[in-house]
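J.: The structure is given below, and queries will be raised subsequently.
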Amino acid sequence: GKLGFCFQNRYNETTLAMDKMVEEGLIGKVRGARAFVTWCRDADYYEGSDWKGNWATEGGGVLLNQAIHTLDLLMHYLGEPEQIAGTMANHHLQGCIEMEDTVEAWMAFEGNKRACFYASNGYVTDAPVLWELQGDKGRITMNGSQISVWTLEGGVQHFTYEQKSGIGKGYW
């Protein structure tokens, strides 16, 4: 059999805009990133499912099921991590699922680049993903459909991108 992966968030309007900003050198050399995924998956999300919440059928919790696309963007901009330290915990879904509902990590990449990553499905709503890319001449922050760019030369600029109808979820 064959197995395929799709990291579709690389093609979101916000990601494509960030790609262009990085390629144009707007923030200089990329030094690091931070990313936060805080969504809501309560017991009712898992109840009645024959595959959700089990190691054998789902294969992982918030990291594999919800936050994998945000983690992929860290590697898209920084490369493969050389060092990782982190924790996984089941805070609010104990007794409901077998795997983690919260994960955090610190990562080191080639060239002294670093990243901080946090994901939890224990929040009260599906909040927009918060993503920041830090360069030596500025930073790009993405919060849902909004991007803010701070540069040493130009101050701050704000951009809003419309999500194409029917593609993806509104909180990403």
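Within each chain, counting starts at residue 1; across the structure tokens, chains are named A, B, ... in the order shown, with ligands numbered 1 upward in that order.
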Write out as a tab-separated table a residue-level contact list of stretch 10-115 of chain A versus stretch 134-151 of chain A with cut-off 10 Å: for each qualifying residue the closest pair of atoms and the distance in Å to one decimal, counting only C-alpha atoms, rows sorted by chain and residue number upward.

T.:
```
residue	atom	partner	partner_atom	distance
A:Asn12	CA	A:Ser145	CA	9.4
A:Glu13	CA	A:Ser145	CA	8.3
A:Thr14	CA	A:Ser145	CA	6.5
A:Thr15	CA	A:Met142	CA	8.7
A:Ala17	CA	A:Ile147	CA	8.7
A:Met18	CA	A:Ile140	CA	7.4
A:Met21	CA	A:Ile140	CA	8.5
A:Val22	CA	A:Gly135	CA	8.9
A:Gly25	CA	A:Lys137	CA	8.8
A:Leu26	CA	A:Thr151	CA	7.3
A:Ile27	CA	A:Gly138	CA	4.4
A:Gly28	CA	A:Lys137	CA	4.9
A:Lys29	CA	A:Gly135	CA	5.1
A:Val30	CA	A:Gly135	CA	4.1
A:Arg31	CA	A:Gly135	CA	5.0
A:Gly32	CA	A:Gln134	CA	5.2
A:Ala33	CA	A:Gln134	CA	5.7
A:Arg34	CA	A:Gln134	CA	8.4
A:Ala35	CA	A:Met142	CA	9.4
A:Phe36	CA	A:Asn143	CA	9.6
A:Lys113	CA	A:Gln134	CA	9.6
A:Arg114	CA	A:Gln134	CA	9.7
A:Ala115	CA	A:Gln134	CA	9.6
```

J.: Could you dump the residues just selected with C-alpha atoms as a PDB file, in the first residue's frame?

T.:
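Printed below is result.pdb as written:
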```pdb
ATOM      1  CA  ASN A  12      -2.707  29.168   2.704  1.00  0.00           C
ATOM      2  CA  GLU A  13      -2.797  32.790   1.576  1.00  0.00           C
ATOM      3  CA  THR A  14      -1.072  33.864   4.795  1.00  0.00           C
ATOM      4  CA  THR A  15       1.746  31.333   4.387  1.00  0.00           C
ATOM      5  CA  ALA A  17       2.467  35.944   1.789  1.00  0.00           C
ATOM      6  CA  MET A  18       4.990  35.120   4.518  1.00  0.00           C
ATOM      7  CA  MET A  21       8.200  38.448   2.543  1.00  0.00           C
ATOM      8  CA  VAL A  22      10.991  36.091   3.622  1.00  0.00           C
ATOM      9  CA  GLY A  25      14.473  39.715   2.671  1.00  0.00           C
ATOM     10  CA  LEU A  26      11.928  41.906   4.449  1.00  0.00           C
ATOM     11  CA  ILE A  27      12.959  40.633   7.907  1.00  0.00           C
ATOM     12  CA  GLY A  28      16.543  39.730   7.013  1.00  0.00           C
ATOM     13  CA  LYS A  29      18.001  36.377   7.934  1.00  0.00           C
ATOM     14  CA  VAL A  30      15.532  34.119   9.744  1.00  0.00           C
ATOM     15  CA  ARG A  31      16.662  33.496  13.329  1.00  0.00           C
ATOM     16  CA  GLY A  32      13.724  31.648  14.846  1.00  0.00           C
ATOM     17  CA  ALA A  33      10.005  31.179  15.264  1.00  0.00           C
ATOM     18  CA  ARG A  34       7.267  30.572  17.778  1.00  0.00           C
ATOM     19  CA  ALA A  35       3.898  28.976  17.221  1.00  0.00           C
ATOM     20  CA  PHE A  36       0.768  28.489  19.331  1.00  0.00           C
ATOM     21  CA  LYS A 113      18.031  29.179  14.912  1.00  0.00           C
ATOM     22  CA  ARG A 114      15.533  28.343  17.660  1.00  0.00           C
ATOM     23  CA  ALA A 115      11.811  27.792  17.987  1.00  0.00           C
TER      24      ALA A 115
END
```

J.: For atom CA of A:Met75 and atom CA of A:Glu153, quote the distance in Å rounded to one decimal.

T.: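 Going from atom CA of A:Met75 over to atom CA of A:Glu153 covers 27.6 Å.
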
J.: Could you find all residues in stretch 38-97 of chain A that DSSP calls helix (DSSP H, G or I) from the backbone, and write them as a list in words?

T.: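 Secondary structure check on stretch 38-97 of chain A, helix (DSSP H, G or I): Ala43, Asp44, Tyr45, Tyr46, Trp55, Ala56, Thr57, Glu58, Val62, Leu63, Leu64, Asn65, Ile68, His69, Thr70, Leu71, Asp72, Leu73, Leu74, Met75, His76, Tyr77 and Leu78 of chain A.
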
J.: From a DSSP pass on the backbone, collect the residues of stretch 87-163 of chain A flagged as strand (DSSP E or B) and hand them back as a PyMOL selection string.

T.: chain A and resi 87-89+102-109+113-120+122+130-135+138-143+146-151+155-160

J.: Which residue gives the smallest distance to A:Val37 among A:Leu130, A:Leu3, A:Ile84, A:Val124, with only C-alpha atoms counted?

T.: A:Leu130

J.: When you count only C-alpha atoms, which of these residues is closest to A:Asn90: A:Gly48, A:Gly154, A:Gly111, A:Gly53?

T.: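 Answer, going by the shortest atom-to-atom distance: A:Gly53.
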
J.: Would you mind telling me which residue in A:Leu16, A:Met99, A:Val156, A:Ala119 lies nearest to A:Gly59 when using only C-alpha atoms?

T.: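 Nearest to A:Gly59: A:Met99.
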
J.: Extract, using only C-alpha atoms, all DNA, RNA and protein residues at most 12 Å from A:Thr87, discarding same-chain residues fewer than 5 positions from it, and format them as a PyMOL selection string.

T.: chain A and resi 63+100-106+117-120

J.: A:Tyr123, A:Met107, A:Cys116, A:Ile97: which is nearest A:Asp50, counting only C-alpha atoms?

T.: A:Ile97

J.: Could you tell me which of A:Glu58, A:Arg10, A:Gly4, A:Glu162 comes closest to A:Asp72 if we count only C-alpha atoms?

T.: A:Arg10

J.: One decimal, Å: what's the distance from atom CA of A:Leu73 over to atom CA of A:Leu133, could you say?

T.: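 Distance between the two atoms: 10.2 Å.
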
J.: Nearest to A:Leu74 among A:His158, A:Tyr11, A:Ala108, A:Val62, with distances taken over only C-alpha atoms: which residue is it?

T.: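 Closest candidate: A:Ala108.
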